[in-house]
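Engineer: Take this structure first; my questions come after.
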Amino acid sequence: MKAVIPAAGFGTRFLPATKAQPKEMLPVFDKPTIQYVIEEAVASGIDDILIVTGKNKRSIEDHFDKSFELEYTLKQAGKTKYLKQVQDITDLADICYIRQKEQKGLGDAIYCAKKHVGDEPFAVMLGDTITKGKTPCTKQLIDIYNKYEASAISLERVPQEKVERYGIIKGVEIEQDVYQIDELVEKPPVNEAPSNLAIMGRYVLTPDIFDKIKETGAGVGGEIQLTDALAKLDKIYGNTFEGKTYDIGNRLEWLKTSIEFAMDDEESKNDLINYMKEIICLLYTSPSPRDRSVSR
């Protein structure tokens with residue numbers, strides 16, 4: 001199975017950090033966001049990956065390409081640990097690139113992969129979403145596809161106040177954590193949402209999705225929405241992911257994710273905890289600007 005990673009968006013919510021670099025290359029602790037996505041694909045048994053890019057995305061290609069000068073410098077300096085890390089990135093998978101010529105939405109970005117994918121099922125993994133679990137999220141969807149021979153998407157229950165940020169489904173639970181989906185709605189108002197089960201950035205799709213995208217007109221935001229095309233499929237299943245999904249779509253979530261991943265690093269964990277304790281202590285013991293004004 002091949003994987004398609006859409007990474008063509010402007011990343012406007014991260015400006016000015018994303019003025020000249022993709023949001024997918026923003027580091028989460030010690031790796032670019034998109035590297036976690038590709039590592040998940042590889043852990044799910046996928047080594048043929050197409051990244052759909054746009055303008056100012058060249059750094060993604062550079063990151064996964066071989067860097068002769070850097071490798072030579074590290075080798076000469078005897079920094080074998082760093083040399084291996086750099087070489088491992090290059091050897092992760094076979095990665096190809098295609099450019100989305102216009103910003104016409106996620107559905108259109110997926111359509112750009114039609115020739116590369118051909119007539120086989122394929123995975124779609126959003127380049128700004130990281131997942132963590134005992135079994136990789138994409139692997140869980142592949143298992144569902146193999147069982148039901150139909151498209152499968154990852155789901156997560158979200159608080160009611162966040163429903164309008166996501167594609168939302170209505171469905172019937174046919175086995176534990178698996179839903180047969182009857183309806184999909186892109187970013188519905190809270191009072192019109194059919195549930196609080198949100199689509200969370202991982203898909204395994206049958207190739208007929210390309211015909212459905214072609215039939216789909218502009219939707220929310222004036223873009224071709226993948227959710228609208230998914231709703232046209234004859235059969236589709238959803239899986240509530242046994243793990244955790246990190247939507248690196250805004251600065252606060254990105255920062256919280258980076259802190260959480262840093263806590264998994266034994267070299268950084270204790271120092272980070274002590275630092276956060278110091279910050280919290282200062283916040284609660286230092287007088288507020290108003291208090292300082294009164295004391296004067």
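Residue numbering restarts at 1 for every chain of the structure tokens, chains are lettered A, B, ... in their displayed order, and ligands are numbered from 1 as they appear.
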Restrict the calculation to only C-alpha atoms, then for each residue of region 52-154 of chain A with any atom at most 10 Å from an atom of region 176-186 of chain A give the closest atom pair and their distance in Å to one decimal, rows by chain and rising residue number, as a Markdown table.
Structural biologist:
```
| residue | atom | partner | partner_atom | distance |
| --- | --- | --- | --- | --- |
| A:Ile144 | CA | A:Val178 | CA | 8.4 |
| A:Ala152 | CA | A:Gln180 | CA | 9.3 |
| A:Ile153 | CA | A:Ile181 | CA | 9.7 |
| A:Ser154 | CA | A:Val178 | CA | 9.6 |
```
Engineer: With DSSP run on the backbone, what are the helix (DSSP H, G or I) residues within region 100-257 of chain A? I'd like them as a CSV table (one decimal) with N, CA and C atoms, in the first residue's frame.
Structural biologist:
```csv
chain,number,residue,atom,x,y,z
A,106,LEU,N,-8.3,20.2,0.4
A,106,LEU,CA,-7.7,18.9,0.7
A,106,LEU,C,-8.1,17.8,-0.4
A,107,GLY,N,-9.4,17.9,-0.8
A,107,GLY,CA,-9.9,17.0,-1.8
A,107,GLY,C,-9.0,17.1,-3.1
A,108,ASP,N,-8.8,18.3,-3.5
A,108,ASP,CA,-8.0,18.5,-4.7
A,108,ASP,C,-6.5,18.0,-4.5
A,109,ALA,N,-6.0,18.2,-3.3
A,109,ALA,CA,-4.6,17.8,-3.0
A,109,ALA,C,-4.5,16.2,-3.2
A,110,ILE,N,-5.5,15.5,-2.7
A,110,ILE,CA,-5.6,14.1,-2.8
A,110,ILE,C,-5.7,13.7,-4.3
A,111,TYR,N,-6.5,14.4,-5.0
A,111,TYR,CA,-6.7,14.1,-6.5
A,111,TYR,C,-5.3,14.2,-7.2
A,114,LYS,N,-3.6,10.8,-8.0
A,114,LYS,CA,-4.3,9.8,-8.8
A,114,LYS,C,-3.3,8.9,-9.6
A,115,LYS,N,-2.4,9.5,-10.4
A,115,LYS,CA,-1.5,8.8,-11.3
A,115,LYS,C,-0.6,7.9,-10.4
A,116,HIS,N,-0.1,8.5,-9.3
A,116,HIS,CA,0.9,7.7,-8.5
A,116,HIS,C,0.2,6.5,-7.8
A,117,VAL,N,-1.0,6.7,-7.4
A,117,VAL,CA,-1.7,5.6,-6.6
A,117,VAL,C,-2.2,4.5,-7.6
A,137,CYS,N,-1.8,4.2,14.1
A,137,CYS,CA,-3.1,4.5,13.7
A,137,CYS,C,-3.4,4.0,12.3
A,138,THR,N,-2.5,4.2,11.4
A,138,THR,CA,-2.7,3.8,10.0
A,138,THR,C,-2.8,2.3,9.9
A,139,LYS,N,-2.0,1.6,10.7
A,139,LYS,CA,-2.0,0.2,10.6
A,139,LYS,C,-3.4,-0.3,11.1
A,140,GLN,N,-4.0,0.3,12.1
A,140,GLN,CA,-5.4,-0.1,12.5
A,140,GLN,C,-6.4,0.1,11.4
A,141,LEU,N,-6.2,1.2,10.6
A,141,LEU,CA,-7.1,1.4,9.5
A,141,LEU,C,-6.9,0.4,8.4
A,142,ILE,N,-5.6,0.0,8.1
A,142,ILE,CA,-5.3,-1.0,7.1
A,142,ILE,C,-6.0,-2.3,7.5
A,143,ASP,N,-6.0,-2.7,8.8
A,143,ASP,CA,-6.6,-3.9,9.3
A,143,ASP,C,-8.1,-3.9,9.0
A,144,ILE,N,-8.7,-2.7,9.3
A,144,ILE,CA,-10.2,-2.6,9.0
A,144,ILE,C,-10.5,-2.7,7.5
A,145,TYR,N,-9.7,-2.0,6.7
A,145,TYR,CA,-9.8,-2.2,5.3
A,145,TYR,C,-9.8,-3.7,4.8
A,146,ASN,N,-8.8,-4.4,5.3
A,146,ASN,CA,-8.6,-5.8,5.0
A,146,ASN,C,-9.8,-6.6,5.4
A,147,LYS,N,-10.4,-6.2,6.5
A,147,LYS,CA,-11.5,-7.0,7.1
A,147,LYS,C,-12.8,-6.7,6.3
A,148,TYR,N,-13.1,-5.5,6.0
A,148,TYR,CA,-14.4,-5.1,5.4
A,148,TYR,C,-14.3,-4.7,3.9
A,160,GLN,N,-17.9,19.1,22.6
A,160,GLN,CA,-18.9,19.8,21.8
A,160,GLN,C,-18.5,21.1,21.2
A,161,GLU,N,-17.7,21.9,22.1
A,161,GLU,CA,-17.3,23.2,21.6
A,161,GLU,C,-16.3,23.2,20.5
A,162,LYS,N,-15.7,22.0,20.2
A,162,LYS,CA,-14.7,21.8,19.1
A,162,LYS,C,-15.3,21.2,17.9
A,163,VAL,N,-16.6,20.8,17.9
A,163,VAL,CA,-17.2,20.0,16.8
A,163,VAL,C,-17.0,20.8,15.5
A,164,GLU,N,-17.3,22.1,15.5
A,164,GLU,CA,-17.3,22.8,14.3
A,164,GLU,C,-15.9,23.0,13.7
A,165,ARG,N,-14.9,22.5,14.3
A,165,ARG,CA,-13.5,22.6,13.7
A,165,ARG,C,-13.2,21.4,12.8
A,190,VAL,N,-22.5,23.5,15.9
A,190,VAL,CA,-22.6,22.6,17.0
A,190,VAL,C,-24.1,22.0,17.0
A,191,ASN,N,-25.0,22.9,16.8
A,191,ASN,CA,-26.4,22.5,16.9
A,191,ASN,C,-26.9,21.6,15.7
A,192,GLU,N,-26.1,21.5,14.7
A,192,GLU,CA,-26.4,20.7,13.5
A,192,GLU,C,-25.6,19.4,13.4
A,209,ILE,N,-12.4,6.9,-4.8
A,209,ILE,CA,-12.5,8.2,-4.1
A,209,ILE,C,-12.1,9.3,-5.2
A,210,PHE,N,-11.2,8.9,-6.1
A,210,PHE,CA,-10.9,10.0,-7.1
A,210,PHE,C,-12.0,10.4,-8.0
A,211,ASP,N,-12.9,9.4,-8.4
A,211,ASP,CA,-14.1,9.8,-9.1
A,211,ASP,C,-15.0,10.6,-8.3
A,212,LYS,N,-15.1,10.3,-7.0
A,212,LYS,CA,-16.0,11.1,-6.1
A,212,LYS,C,-15.5,12.5,-5.9
A,213,ILE,N,-14.1,12.7,-5.8
A,213,ILE,CA,-13.6,14.0,-5.7
A,213,ILE,C,-13.9,14.8,-7.0
A,214,LYS,N,-13.7,14.2,-8.1
A,214,LYS,CA,-14.0,14.8,-9.4
A,214,LYS,C,-15.4,15.3,-9.5
A,215,GLU,N,-16.3,14.6,-8.8
A,215,GLU,CA,-17.8,15.0,-8.8
A,215,GLU,C,-18.1,16.1,-7.8
A,220,VAL,N,-17.2,24.0,2.1
A,220,VAL,CA,-16.8,24.9,3.2
A,220,VAL,C,-15.5,25.7,2.8
A,221,GLY,N,-15.5,27.0,2.9
A,221,GLY,CA,-14.4,27.8,2.6
A,221,GLY,C,-14.1,27.9,1.2
A,222,GLY,N,-15.1,27.5,0.3
A,222,GLY,CA,-14.9,27.6,-1.1
A,222,GLY,C,-13.8,26.6,-1.7
A,226,LEU,N,-12.4,17.0,1.2
A,226,LEU,CA,-12.3,15.5,1.1
A,226,LEU,C,-13.5,14.9,1.8
A,227,THR,N,-14.0,15.5,2.9
A,227,THR,CA,-15.2,15.0,3.6
A,227,THR,C,-16.4,14.9,2.7
A,228,ASP,N,-16.6,15.9,1.9
A,228,ASP,CA,-17.7,15.9,0.9
A,228,ASP,C,-17.6,14.7,-0.1
A,229,ALA,N,-16.4,14.4,-0.5
A,229,ALA,CA,-16.2,13.3,-1.4
A,229,ALA,C,-16.4,12.0,-0.7
A,230,LEU,N,-15.9,11.9,0.5
A,230,LEU,CA,-16.1,10.7,1.3
A,230,LEU,C,-17.6,10.3,1.5
A,251,ARG,N,-0.9,27.1,17.3
A,251,ARG,CA,0.3,27.3,18.1
A,251,ARG,C,0.2,26.7,19.5
A,252,LEU,N,-0.9,26.8,20.1
A,252,LEU,CA,-1.0,26.2,21.5
A,252,LEU,C,-0.9,24.7,21.4
A,253,GLU,N,-1.7,24.0,20.5
A,253,GLU,CA,-1.6,22.6,20.4
A,253,GLU,C,-0.2,22.1,20.0
A,254,TRP,N,0.4,22.8,19.1
A,254,TRP,CA,1.8,22.5,18.8
A,254,TRP,C,2.8,22.6,20.0
A,255,LEU,N,2.6,23.6,20.8
A,255,LEU,CA,3.5,23.8,21.9
A,255,LEU,C,3.2,22.7,23.0
A,256,LYS,N,2.0,22.4,23.2
A,256,LYS,CA,1.6,21.4,24.2
A,256,LYS,C,2.2,20.0,23.7
A,257,THR,N,2.0,19.7,22.5
A,257,THR,CA,2.5,18.5,21.9
A,257,THR,C,4.1,18.4,22.1
```
Engineer: Give one line per residue of region 29-99 of chain A that approaches region 16-20 of chain A to at most 10 Å, naming the two atoms of the closest pair and their distance in Å to one decimal, counting only C-alpha atoms; sort by chain then ascending residue number and deliver it as CSV.
Structural biologist:
```
residue,atom,partner,partner_atom,distance
A:Lys55,CA,A:Ala20,CA,9.4
A:Asn56,CA,A:Ala20,CA,6.1
A:Lys57,CA,A:Ala20,CA,8.5
A:Arg58,CA,A:Ala20,CA,9.9
A:Ser59,CA,A:Ala20,CA,9.5
```
Engineer: Tell me, in Å to one decimal, how far CA of Gly45 (chain A) is from CA of Met1 (chain A).
Structural biologist: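 Atom-to-atom, CA of Gly45 (chain A) to CA of Met1 (chain A), that is 8.0 Å.
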Engineer: Suppose you want the space between CA of Glu173 (chain A) and CA of Gly238 (chain A); what is it in Å?
Structural biologist: 9.0 Å
Engineer: When distances are computed from only C-alpha atoms, which of A:Tyr36, A:Lys2, A:Glu266, A:Leu272 shows the smallest separation from Asp128 (chain A)?
Structural biologist: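 Closest candidate: A:Tyr36.
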Engineer: At what distance in Å, to one decimal, does CA of Ala93 (chain A) lie from CA of Ile60 (chain A)?
Structural biologist: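 Between these atoms lies a distance of 13.9 Å.
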Engineer: Among region 96-276 of chain A, which ones does DSSP place in strand (DSSP E), written as a count of residues only?
Structural biologist: 55
Engineer: Can you pull out every residue within 10 Å of region 27-31 of chain A, counting only C-alpha atoms, but drop anything in the same chain fewer than 6 positions away, and send it as JSON, numbers by chain?
Structural biologist: {"A": [130, 248, 254, 255, 256, 257, 258, 259, 260, 261, 262, 263, 264, 265]}
Engineer: Counting only C-alpha atoms, which residue out of A:Asp208, A:Glu223, A:Asp234, A:Asp247 sits closest to Asp119 (chain A)?
Structural biologist: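 The closest residue to Asp119 (chain A) is A:Asp208.
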Engineer: Ranking A:Pro194, A:Pro207, A:Gly118, A:Pro136 by minimum distance to Glu149 (chain A) and counting only C-alpha atoms, which one comes first?
Structural biologist: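 Smallest separation from Glu149 (chain A) among the options: A:Pro207.
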Engineer: Please provide the set of residues having any atom within 8 Å of Ser151 (chain A), restricted to only C-alpha atoms, with same-chain residues fewer than 5 positions apart removed, written as a ChimeraX atom specification.
Structural biologist: /A:145,203-206,235-237
Engineer: Would you mind listing what lies within 12 Å of Ala8 (chain A) as a ChimeraX atom specification, with only C-alpha atoms counted and same-chain residues fewer than 2 positions away left out?
Structural biologist: /A:4-6,10-12,21-25,51-58,60,97-110,112,126-128
Engineer: Please dump the current selection as an mmCIF file, in the first residue's frame; keep N, CA and C atoms.
Structural biologist:
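Wrote it out as result_33.cif, contents follow:
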```cif
data_model
loop_
_atom_site.group_PDB
_atom_site.id
_atom_site.type_symbol
_atom_site.label_atom_id
_atom_site.label_comp_id
_atom_site.auth_asym_id
_atom_site.auth_seq_id
_atom_site.Cartn_x
_atom_site.Cartn_y
_atom_site.Cartn_z
ATOM 1 N N VAL A 4 -0.215 8.788 0.851
ATOM 2 C CA VAL A 4 -0.220 10.153 0.327
ATOM 3 C C VAL A 4 -0.265 11.110 1.511
ATOM 4 N N ILE A 5 0.667 12.050 1.533
ATOM 5 C CA ILE A 5 0.723 13.029 2.619
ATOM 6 C C ILE A 5 0.504 14.422 2.030
ATOM 7 N N PRO A 6 -0.677 15.022 2.229
ATOM 8 C CA PRO A 6 -0.902 16.389 1.750
ATOM 9 C C PRO A 6 -0.136 17.371 2.630
ATOM 10 N N PHE A 10 -0.738 26.800 3.354
ATOM 11 C CA PHE A 10 0.099 27.964 3.665
ATOM 12 C C PHE A 10 0.528 28.013 5.131
ATOM 13 N N GLY A 11 -0.209 27.367 6.020
ATOM 14 C CA GLY A 11 0.136 27.435 7.437
ATOM 15 C C GLY A 11 -0.054 28.815 8.025
ATOM 16 N N THR A 12 -1.140 29.486 7.649
ATOM 17 C CA THR A 12 -1.325 30.887 8.047
ATOM 18 C C THR A 12 -1.450 31.063 9.561
ATOM 19 N N GLN A 21 8.885 28.791 5.597
ATOM 20 C CA GLN A 21 9.053 27.352 5.811
ATOM 21 C C GLN A 21 7.699 26.709 6.050
ATOM 22 N N PRO A 22 7.541 25.453 5.668
ATOM 23 C CA PRO A 22 6.253 24.782 5.830
ATOM 24 C C PRO A 22 5.945 24.511 7.297
ATOM 25 N N LYS A 23 4.662 24.534 7.648
ATOM 26 C CA LYS A 23 4.286 24.200 9.024
ATOM 27 C C LYS A 23 4.616 22.740 9.327
ATOM 28 N N GLU A 24 4.634 21.892 8.274
ATOM 29 C CA GLU A 24 4.972 20.480 8.474
ATOM 30 C C GLU A 24 6.421 20.291 8.909
ATOM 31 N N MET A 25 7.254 21.321 8.722
ATOM 32 C CA MET A 25 8.658 21.238 9.130
ATOM 33 C C MET A 25 8.901 21.878 10.496
ATOM 34 N N ILE A 51 4.353 12.849 -1.267
ATOM 35 C CA ILE A 51 4.038 14.073 -0.531
ATOM 36 C C ILE A 51 3.550 15.115 -1.527
ATOM 37 N N VAL A 52 2.348 15.645 -1.301
ATOM 38 C CA VAL A 52 1.778 16.685 -2.148
ATOM 39 C C VAL A 52 2.173 18.030 -1.551
ATOM 40 N N THR A 53 2.993 18.769 -2.265
ATOM 41 C CA THR A 53 3.550 20.008 -1.733
ATOM 42 C C THR A 53 3.002 21.219 -2.486
ATOM 43 N N GLY A 54 3.457 22.385 -2.061
ATOM 44 C CA GLY A 54 3.108 23.639 -2.715
ATOM 45 C C GLY A 54 4.311 24.558 -2.684
ATOM 46 N N LYS A 55 4.078 25.818 -2.865
ATOM 47 C CA LYS A 55 5.159 26.801 -2.862
ATOM 48 C C LYS A 55 5.813 26.863 -1.479
ATOM 49 N N ASN A 56 7.121 27.115 -1.455
ATOM 50 C CA ASN A 56 7.907 27.234 -0.218
ATOM 51 C C ASN A 56 7.965 25.936 0.583
ATOM 52 N N LYS A 57 7.894 24.792 -0.095
ATOM 53 C CA LYS A 57 7.943 23.497 0.598
ATOM 54 C C LYS A 57 9.249 22.752 0.310
ATOM 55 N N ARG A 58 10.209 23.415 -0.300
ATOM 56 C CA ARG A 58 11.438 22.741 -0.703
ATOM 57 C C ARG A 58 12.181 22.127 0.483
ATOM 58 N N ILE A 60 11.095 20.415 2.841
ATOM 59 C CA ILE A 60 10.644 19.042 3.095
ATOM 60 C C ILE A 60 11.487 18.072 2.275
ATOM 61 N N TYR A 97 7.455 13.364 -4.796
ATOM 62 C CA TYR A 97 6.803 14.649 -4.551
ATOM 63 C C TYR A 97 6.034 15.090 -5.789
ATOM 64 N N ILE A 98 4.900 15.727 -5.554
ATOM 65 C CA ILE A 98 4.145 16.365 -6.630
ATOM 66 C C ILE A 98 3.597 17.665 -6.063
ATOM 67 N N ARG A 99 3.485 18.672 -6.906
ATOM 68 C CA ARG A 99 3.048 19.979 -6.422
ATOM 69 C C ARG A 99 1.580 20.227 -6.775
ATOM 70 N N GLN A 100 0.823 20.662 -5.781
ATOM 71 C CA GLN A 100 -0.549 21.116 -6.013
ATOM 72 C C GLN A 100 -0.470 22.528 -6.576
ATOM 73 N N LYS A 101 -0.899 22.706 -7.809
ATOM 74 C CA LYS A 101 -0.657 23.980 -8.506
ATOM 75 C C LYS A 101 -1.506 25.132 -7.975
ATOM 76 N N GLU A 102 -2.702 24.811 -7.451
ATOM 77 C CA GLU A 102 -3.567 25.830 -6.856
ATOM 78 C C GLU A 102 -4.062 25.340 -5.507
ATOM 79 N N GLN A 103 -4.281 26.276 -4.586
ATOM 80 C CA GLN A 103 -4.820 25.941 -3.274
ATOM 81 C C GLN A 103 -6.339 25.773 -3.396
ATOM 82 N N LYS A 104 -6.764 24.549 -3.727
ATOM 83 C CA LYS A 104 -8.190 24.294 -3.965
ATOM 84 C C LYS A 104 -8.780 23.330 -2.947
ATOM 85 N N GLY A 105 -8.053 23.064 -1.849
ATOM 86 C CA GLY A 105 -8.608 22.240 -0.793
ATOM 87 C C GLY A 105 -7.973 20.866 -0.696
ATOM 88 N N LEU A 106 -8.299 20.182 0.413
ATOM 89 C CA LEU A 106 -7.717 18.868 0.683
ATOM 90 C C LEU A 106 -8.141 17.839 -0.361
ATOM 91 N N GLY A 107 -9.396 17.899 -0.798
ATOM 92 C CA GLY A 107 -9.854 16.952 -1.807
ATOM 93 C C GLY A 107 -9.030 17.057 -3.078
ATOM 94 N N ASP A 108 -8.771 18.283 -3.511
ATOM 95 C CA ASP A 108 -7.974 18.492 -4.721
ATOM 96 C C ASP A 108 -6.533 18.012 -4.524
ATOM 97 N N ALA A 109 -5.987 18.229 -3.316
ATOM 98 C CA ALA A 109 -4.622 17.768 -3.034
ATOM 99 C C ALA A 109 -4.535 16.249 -3.175
ATOM 100 N N ILE A 110 -5.546 15.531 -2.687
ATOM 101 C CA ILE A 110 -5.563 14.072 -2.820
ATOM 102 C C ILE A 110 -5.694 13.676 -4.286
ATOM 103 N N CYS A 112 -4.442 15.033 -6.779
ATOM 104 C CA CYS A 112 -3.126 15.148 -7.422
ATOM 105 C C CYS A 112 -2.354 13.823 -7.390
ATOM 106 N N LEU A 126 -2.459 13.170 7.057
ATOM 107 C CA LEU A 126 -2.257 14.616 7.053
ATOM 108 C C LEU A 126 -0.904 14.964 7.655
ATOM 109 N N GLY A 127 -0.204 15.871 6.983
ATOM 110 C CA GLY A 127 1.169 16.186 7.376
ATOM 111 C C GLY A 127 1.301 17.031 8.623
ATOM 112 N N ASP A 128 0.164 17.505 9.179
ATOM 113 C CA ASP A 128 0.229 18.305 10.407
ATOM 114 C C ASP A 128 -0.488 17.613 11.566
#
```
